[in-house]
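**Student:** Provided below: target-v8.txt, containing compact mmCIF, C-alpha atoms.
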# COMPACT_ATOMS: atom_id res chain seq x y z
CA MET H 1 34.37 4.51 -53.48
CA PHE H 2 32.16 1.54 -52.56
CA GLU H 3 32.50 -2.02 -53.92
CA ASP H 4 29.10 -3.24 -52.76
CA PHE H 5 27.09 -3.49 -49.58
CA ASP H 6 29.03 -5.26 -46.89
CA HIS H 7 25.90 -5.99 -44.85
CA VAL H 8 22.59 -4.61 -43.68
CA GLY H 9 22.34 -4.27 -39.89
CA ILE H 10 19.04 -5.26 -38.24
CA ALA H 11 18.27 -4.76 -34.55
CA VAL H 12 16.37 -7.62 -32.90
CA ALA H 13 15.12 -8.08 -29.36
CA ALA H 14 16.80 -11.49 -28.92
CA LEU H 15 19.20 -13.34 -31.20
CA ASP H 16 18.12 -16.99 -31.09
CA PRO H 17 14.44 -16.49 -31.98
CA ALA H 18 15.49 -14.13 -34.79
CA LEU H 19 17.96 -16.69 -36.16
CA ASP H 20 15.22 -19.34 -36.10
CA GLU H 21 12.89 -17.01 -38.00
CA TYR H 22 15.41 -16.11 -40.69
CA ARG H 23 16.32 -19.78 -41.14
CA GLU H 24 12.76 -21.11 -41.21
CA ARG H 25 11.22 -18.35 -43.30
CA PHE H 26 13.99 -17.46 -45.72
CA GLY H 27 16.50 -20.32 -45.47
CA MET H 28 19.15 -17.85 -44.25
CA GLU H 29 21.90 -19.59 -42.25
CA VAL H 30 24.41 -18.26 -39.73
CA ILE H 31 27.83 -17.47 -41.20
CA ARG H 32 29.45 -16.36 -37.94
CA ARG H 33 28.43 -15.33 -34.47
CA GLU H 34 30.20 -13.05 -31.99
CA ARG H 35 29.56 -11.52 -28.61
CA SER H 36 30.98 -8.20 -27.46
CA ASP H 37 30.69 -7.63 -23.75
CA ALA H 38 32.32 -4.19 -24.22
CA HIS H 39 29.34 -3.10 -26.38
CA ALA H 40 26.81 -5.34 -24.56
CA ILE H 41 25.80 -6.86 -27.87
CA GLU H 42 25.45 -10.22 -29.52
CA ILE H 43 25.86 -10.34 -33.30
CA ALA H 44 25.21 -12.96 -35.96
CA MET H 45 25.92 -12.59 -39.65
CA VAL H 46 23.39 -14.53 -41.75
CA GLY H 47 23.67 -15.14 -45.46
CA ALA H 48 21.14 -14.18 -48.14
CA GLY H 49 22.90 -15.61 -51.17
CA THR H 50 25.93 -13.37 -51.52
CA GLY H 51 24.27 -10.72 -49.32
CA GLN H 52 24.81 -10.56 -45.58
CA VAL H 53 22.42 -9.50 -42.84
CA GLU H 54 23.91 -8.61 -39.47
CA LEU H 55 21.45 -9.34 -36.66
CA LEU H 56 22.22 -7.27 -33.55
CA ALA H 57 20.74 -8.17 -30.17
CA PRO H 58 21.29 -6.21 -26.95
CA LEU H 59 22.76 -7.90 -23.89
CA THR H 60 21.60 -5.03 -21.65
CA GLU H 61 18.78 -2.50 -21.91
CA ASP H 62 21.13 0.49 -21.68
CA SER H 63 23.39 -0.63 -24.55
CA ASP H 64 23.16 1.23 -27.88
CA ILE H 65 21.09 -1.55 -29.41
CA GLY H 66 19.02 -1.94 -26.24
CA ARG H 67 18.09 1.73 -26.40
CA PHE H 68 17.39 1.50 -30.14
CA VAL H 69 15.01 -1.43 -29.66
CA ALA H 70 13.33 0.28 -26.70
CA SER H 71 12.69 3.48 -28.65
CA HIS H 72 12.15 2.27 -32.26
CA GLY H 73 11.31 -1.39 -31.80
CA PRO H 74 13.27 -4.01 -33.74
CA GLY H 75 14.03 -3.16 -37.38
CA LEU H 76 16.54 -1.87 -39.90
CA HIS H 77 19.44 -0.32 -38.01
CA HIS H 78 22.31 0.55 -40.36
CA LEU H 79 23.68 0.13 -43.86
CA ALA H 80 27.30 -0.91 -44.36
CA TYR H 81 29.27 -0.46 -47.57
CA ARG H 82 32.40 -2.44 -48.39
CA VAL H 83 35.56 -0.52 -49.26
CA PRO H 84 38.88 -2.00 -50.41
CA ASP H 85 40.96 0.37 -48.22
CA ILE H 86 39.34 2.04 -45.25
CA GLU H 87 42.18 4.58 -44.74
CA ALA H 88 41.77 5.75 -48.36
CA ALA H 89 37.98 5.89 -47.98
CA LEU H 90 38.27 7.93 -44.77
CA ALA H 91 40.69 10.32 -46.49
CA GLN H 92 38.21 10.77 -49.37
CA LEU H 93 35.32 11.37 -46.97
CA ARG H 94 37.42 13.86 -44.98
CA GLU H 95 38.30 15.70 -48.19
CA ARG H 96 34.58 15.94 -49.04
CA GLY H 97 33.79 17.30 -45.59
CA VAL H 98 31.62 14.32 -44.58
CA PRO H 99 31.22 14.31 -40.78
CA MET H 100 32.19 10.99 -39.16
CA ILE H 101 31.41 9.28 -35.88
CA ASP H 102 34.74 7.43 -36.20
CA GLU H 103 37.60 9.55 -37.54
CA GLN H 104 39.87 6.51 -37.30
CA PRO H 105 39.06 2.91 -38.18
CA ARG H 106 38.23 0.57 -35.33
CA THR H 107 37.90 -3.21 -35.19
CA GLY H 108 34.49 -4.56 -36.13
CA PHE H 109 32.85 -7.93 -36.70
CA ALA H 110 35.12 -10.80 -37.77
CA GLY H 111 38.29 -8.72 -37.53
CA SER H 112 37.11 -6.15 -40.10
CA LYS H 113 38.10 -2.47 -39.95
CA ILE H 114 35.06 -0.21 -39.66
CA ALA H 115 34.04 3.42 -39.29
CA PHE H 116 30.61 4.99 -38.91
CA VAL H 117 29.51 8.13 -40.75
CA ALA H 118 27.69 10.76 -38.65
CA LEU H 119 23.90 10.49 -38.90
CA SER H 120 23.75 14.17 -39.87
CA ALA H 121 25.57 13.34 -43.15
CA THR H 122 23.10 10.77 -44.40
CA ASP H 123 19.64 12.03 -43.58
CA GLY H 124 18.65 9.51 -40.95
CA VAL H 125 20.52 6.48 -42.32
CA LEU H 126 23.23 5.19 -40.00
CA THR H 127 26.02 4.41 -42.46
CA GLU H 128 29.11 2.26 -41.92
CA ILE H 129 32.13 1.58 -44.09
CA VAL H 130 33.86 -1.78 -43.78
CA GLU H 131 37.21 -3.11 -44.93
CA PRO H 132 36.95 -6.87 -44.44
CA ALA H 133 39.77 -8.74 -42.72
CA ALA H 134 42.40 -9.89 -45.20
CA MET R 1 15.94 -18.84 -51.76
CA PHE R 2 17.72 -15.49 -52.17
CA GLU R 3 20.55 -14.73 -54.62
CA ASP R 4 21.62 -11.46 -52.99
CA PHE R 5 20.14 -8.17 -51.96
CA ASP R 6 18.35 -6.52 -54.85
CA HIS R 7 18.42 -3.11 -53.18
CA VAL R 8 18.04 -1.25 -49.91
CA GLY R 9 15.12 1.19 -49.86
CA ILE R 10 15.66 4.57 -48.22
CA ALA R 11 12.93 7.16 -47.67
CA VAL R 12 13.96 10.76 -48.29
CA ALA R 13 12.04 14.01 -48.01
CA ALA R 14 12.94 15.16 -51.55
CA LEU R 15 14.73 13.33 -54.34
CA ASP R 16 17.05 15.89 -55.93
CA PRO R 17 18.84 17.06 -52.77
CA ALA R 18 19.26 13.41 -51.71
CA LEU R 19 20.73 12.50 -55.11
CA ASP R 20 23.17 15.41 -54.79
CA GLU R 21 24.21 14.22 -51.34
CA TYR R 22 24.78 10.61 -52.37
CA ARG R 23 26.77 11.75 -55.41
CA GLU R 24 28.90 14.34 -53.62
CA ARG R 25 29.55 12.38 -50.45
CA PHE R 26 29.81 8.81 -51.68
CA GLY R 27 30.24 9.08 -55.46
CA MET R 28 26.98 7.16 -55.96
CA GLU R 29 25.39 7.89 -59.35
CA VAL R 30 21.82 7.47 -60.60
CA ILE R 31 21.19 4.23 -62.51
CA ARG R 32 17.55 4.91 -63.33
CA ARG R 33 14.77 7.19 -62.21
CA GLU R 34 11.00 6.67 -62.29
CA ARG R 35 7.87 8.45 -61.14
CA SER R 36 4.67 6.67 -60.14
CA ASP R 37 1.68 8.95 -59.92
CA ALA R 38 -0.44 5.97 -58.83
CA HIS R 39 1.72 5.61 -55.69
CA ALA R 40 2.53 9.34 -55.44
CA ILE R 41 6.20 8.52 -55.34
CA GLU R 42 9.41 9.39 -57.13
CA ILE R 43 12.15 6.76 -57.13
CA ALA R 44 15.81 6.75 -58.10
CA MET R 45 18.11 3.74 -58.01
CA VAL R 46 21.68 4.75 -57.20
CA GLY R 47 24.70 2.48 -57.44
CA ALA R 48 27.14 1.60 -54.65
CA GLY R 49 29.53 -0.58 -56.60
CA THR R 50 27.42 -3.63 -57.37
CA GLY R 51 24.95 -2.67 -54.61
CA GLN R 52 21.87 -0.60 -55.28
CA VAL R 53 20.13 1.94 -53.07
CA GLU R 54 16.56 2.89 -53.94
CA LEU R 55 15.77 6.44 -52.86
CA LEU R 56 12.04 7.00 -52.38
CA ALA R 57 10.56 10.47 -52.20
CA PRO R 58 6.88 11.27 -51.63
CA LEU R 59 4.92 13.36 -54.15
CA THR R 60 2.15 13.96 -51.61
CA GLU R 61 2.05 13.98 -47.82
CA ASP R 62 -0.65 11.30 -47.63
CA SER R 63 1.25 8.77 -49.78
CA ASP R 64 2.82 5.74 -48.06
CA ILE R 65 6.26 7.31 -48.18
CA GLY R 66 4.90 10.73 -47.20
CA ARG R 67 3.36 9.21 -44.08
CA PHE R 68 6.56 7.26 -43.34
CA VAL R 69 8.70 10.41 -43.55
CA ALA R 70 6.19 12.36 -41.46
CA SER R 71 6.14 9.78 -38.67
CA HIS R 72 9.70 8.33 -38.71
CA GLY R 73 11.67 10.99 -40.54
CA PRO R 74 13.80 10.03 -43.53
CA GLY R 75 15.77 6.79 -43.18
CA LEU R 76 16.00 3.09 -43.96
CA HIS R 77 12.63 1.94 -45.30
CA HIS R 78 12.84 -1.63 -46.64
CA LEU R 79 15.18 -4.45 -47.59
CA ALA R 80 14.75 -6.19 -50.95
CA TYR R 81 16.16 -9.61 -51.81
CA ARG R 82 16.67 -10.82 -55.37
CA VAL R 83 15.07 -14.11 -56.39
CA PRO R 84 15.49 -15.90 -59.72
CA ASP R 85 11.78 -16.85 -59.94
CA ILE R 86 9.24 -14.89 -57.93
CA GLU R 87 6.42 -17.43 -58.43
CA ALA R 88 8.64 -20.19 -57.02
CA ALA R 89 9.72 -17.94 -54.13
CA LEU R 90 6.09 -17.06 -53.32
CA ALA R 91 5.17 -20.76 -53.38
CA GLN R 92 8.01 -21.54 -50.95
CA LEU R 93 6.98 -18.70 -48.64
CA ARG R 94 3.34 -19.84 -48.76
CA GLU R 95 4.42 -23.40 -47.89
CA ARG R 96 6.34 -22.04 -44.90
CA GLY R 97 3.32 -20.05 -43.73
CA VAL R 98 4.99 -16.66 -44.16
CA PRO R 99 2.31 -13.93 -44.24
CA MET R 100 2.52 -11.68 -47.31
CA ILE R 101 1.28 -8.20 -48.18
CA ASP R 102 1.28 -9.26 -51.85
CA GLU R 103 0.05 -12.81 -52.47
CA GLN R 104 0.66 -12.31 -56.19
CA PRO R 105 3.59 -10.55 -57.86
CA ARG R 106 3.05 -7.00 -59.05
CA THR R 107 5.12 -4.76 -61.29
CA GLY R 108 7.87 -2.82 -59.53
CA PHE R 109 10.73 -0.54 -60.45
CA ALA R 110 12.25 -0.96 -63.93
CA GLY R 111 9.73 -3.62 -64.96
CA SER R 112 10.70 -6.01 -62.14
CA LYS R 113 8.22 -8.39 -60.48
CA ILE R 114 7.92 -7.71 -56.76
CA ALA R 115 6.06 -8.81 -53.64
CA PHE R 116 6.20 -7.50 -50.08
CA VAL R 117 6.28 -9.76 -47.02
CA ALA R 118 3.98 -8.77 -44.14
CA LEU R 119 5.74 -6.74 -41.46
CA SER R 120 4.54 -9.19 -38.83
CA ALA R 121 6.74 -11.90 -40.42
CA THR R 122 9.99 -10.05 -40.15
CA ASP R 123 10.03 -8.28 -36.81
CA GLY R 124 9.80 -4.70 -37.96
CA VAL R 125 11.76 -5.03 -41.22
CA LEU R 126 9.70 -4.31 -44.32
CA THR R 127 10.91 -7.04 -46.69
CA GLU R 128 10.50 -7.26 -50.46
CA ILE R 129 11.37 -9.96 -52.95
CA VAL R 130 12.32 -8.94 -56.49
CA GLU R 131 12.63 -10.83 -59.75
CA PRO R 132 14.42 -8.40 -62.07
CA ALA R 133 13.04 -7.82 -65.58
CA ALA R 134 14.52 -10.28 -68.06
Just give me the structure of the file as structure tokens.
**Tutor:**
Amino acid sequence: MFEDFDHVGIAVAALDPALDEYRERFGMEVIRRERSDAHAIEIAMVGAGTGQVELLAPLTEDSDIGRFVASHGPGLHHLAYRVPDIEAALAQLRERGVPMIDEQPRTGFAGSKIAFVALSATDGVLTEIVEPAA
Amino acid sequence: MFEDFDHVGIAVAALDPALDEYRERFGMEVIRRERSDAHAIEIAMVGAGTGQVELLAPLTEDSDIGRFVASHGPGLHHLAYRVPDIEAALAQLRERGVPMIDEQPRTGFAGSKIAFVALSATDGVLTEIVEPAA
């Protein structure tokens, strides 16, 4: 079902200091940066060789990421797997009875199609599937 | 510095039910399984396409993973990056002043050489570097 990881999502308190840290400590550079006012979030994808880390910073305290950072502190937030066809993957998951947060794909970072699996399905690991933009 | 992710570490309460879940829900199969009595831990690497998830289950409640599961619940535990030469990577990290848990490589899963970065360096993300066994 999965091709590879698409990215690992990490919640940070603020984006720019985190980007400086990842660059200076690990030589990881920004691939792309986006801001979503609808989700009150700022996102940067940084590269670790062929791996990708998605740094997520809240724009407001009552956003999803703002609440996550307030309650857990910054840290690992979610794990995203890459699929070649998100509709086919969702159909497979539905067939297996896997509960989903998103029953239908929605638009994610960089024009990708994404869907989140319900936390109850994956024992505390917030799991995302991603079909990258063509 | 990094080639890719080596694996994503996930803490689980018990290994066999978690393996069943990852197989049945996501079609992820076991690549290798190990038990370390020294660390009171049972580990299975499961494949997600070319990605690898390391499931970590405690053998005792007072092990590192036992304490993690007791305080955080099961969930994302650490992020491991693959390096071609762990001695060279450690030298680079030392030069950059990155604090380490392991100043010298130690033996990890499947005969790999590993070292953990101090949590203080990475804003709440437990980070590991891995040189796979030749």
**Student:** Using all atoms listed in the file, which chain H residues lie at most 8 Å away from chain R, written as JSON, numbers by chain?
**Tutor:** {"H": [1, 2, 3, 4, 5, 10, 12, 21, 24, 25, 26, 27, 48, 49, 50, 51, 73, 74, 75, 76, 77, 78, 81, 93, 96, 98, 122, 123, 124, 125]}
**Student:** Using all atoms listed in the file, can you tell me which of R:Ala80, R:Ala88, R:Leu59, R:Ala118 comes closest to Leu15 in chain R?
**Tutor:**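 Closest to Leu15 in chain R of all the choices is R:Leu59.
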**Student:** To one decimal place in Å, what is the distance between CA of Glu54 in chain R and CA of Ile41 in chain R?
**Tutor:**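 Between CA of Glu54 in chain R and CA of Ile41 in chain R the gap works out to 11.9 Å.
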**Student:** Report the distance between CA of Ala44 in chain H and CA of Asp20 in chain H in Å, rounded to one decimal place.
**Tutor:**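 So the answer is 11.9 Å.
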**Student:** How far is it from CA of Ile101 in chain H to CA of Ala115 in chain H, in Å with one decimal?
**Tutor:**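 Distance between the two atoms: 7.3 Å.
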**Student:** Which residues, written as a ChimeraX atom specification, have at least one atom at most 12 Å from Glu61 in chain H, with only C-alpha atoms counted and residues fewer than 6 positions away on the same chain left out?
**Tutor:** /H:13-14,39-41,67-71
**Student:** For a quick check of understanding, using all atoms listed in the file, which of R:Ala134, R:Leu90, R:Val30, R:Leu56 has the smallest distance to Gly9 in chain R?
**Tutor:**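 Answer, going by the shortest atom-to-atom distance: R:Leu56.
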**Student:** Around (4.4, 7.4, -59.1), as given in the file, which residues come within 12 Å? Count all atoms listed in the file and list them as JSON, numbers by chain.
**Tutor:** {"R": [33, 34, 35, 36, 37, 38, 39, 40, 41, 42, 43, 44, 56, 57, 58, 59, 60, 63, 64, 65, 108, 109]}
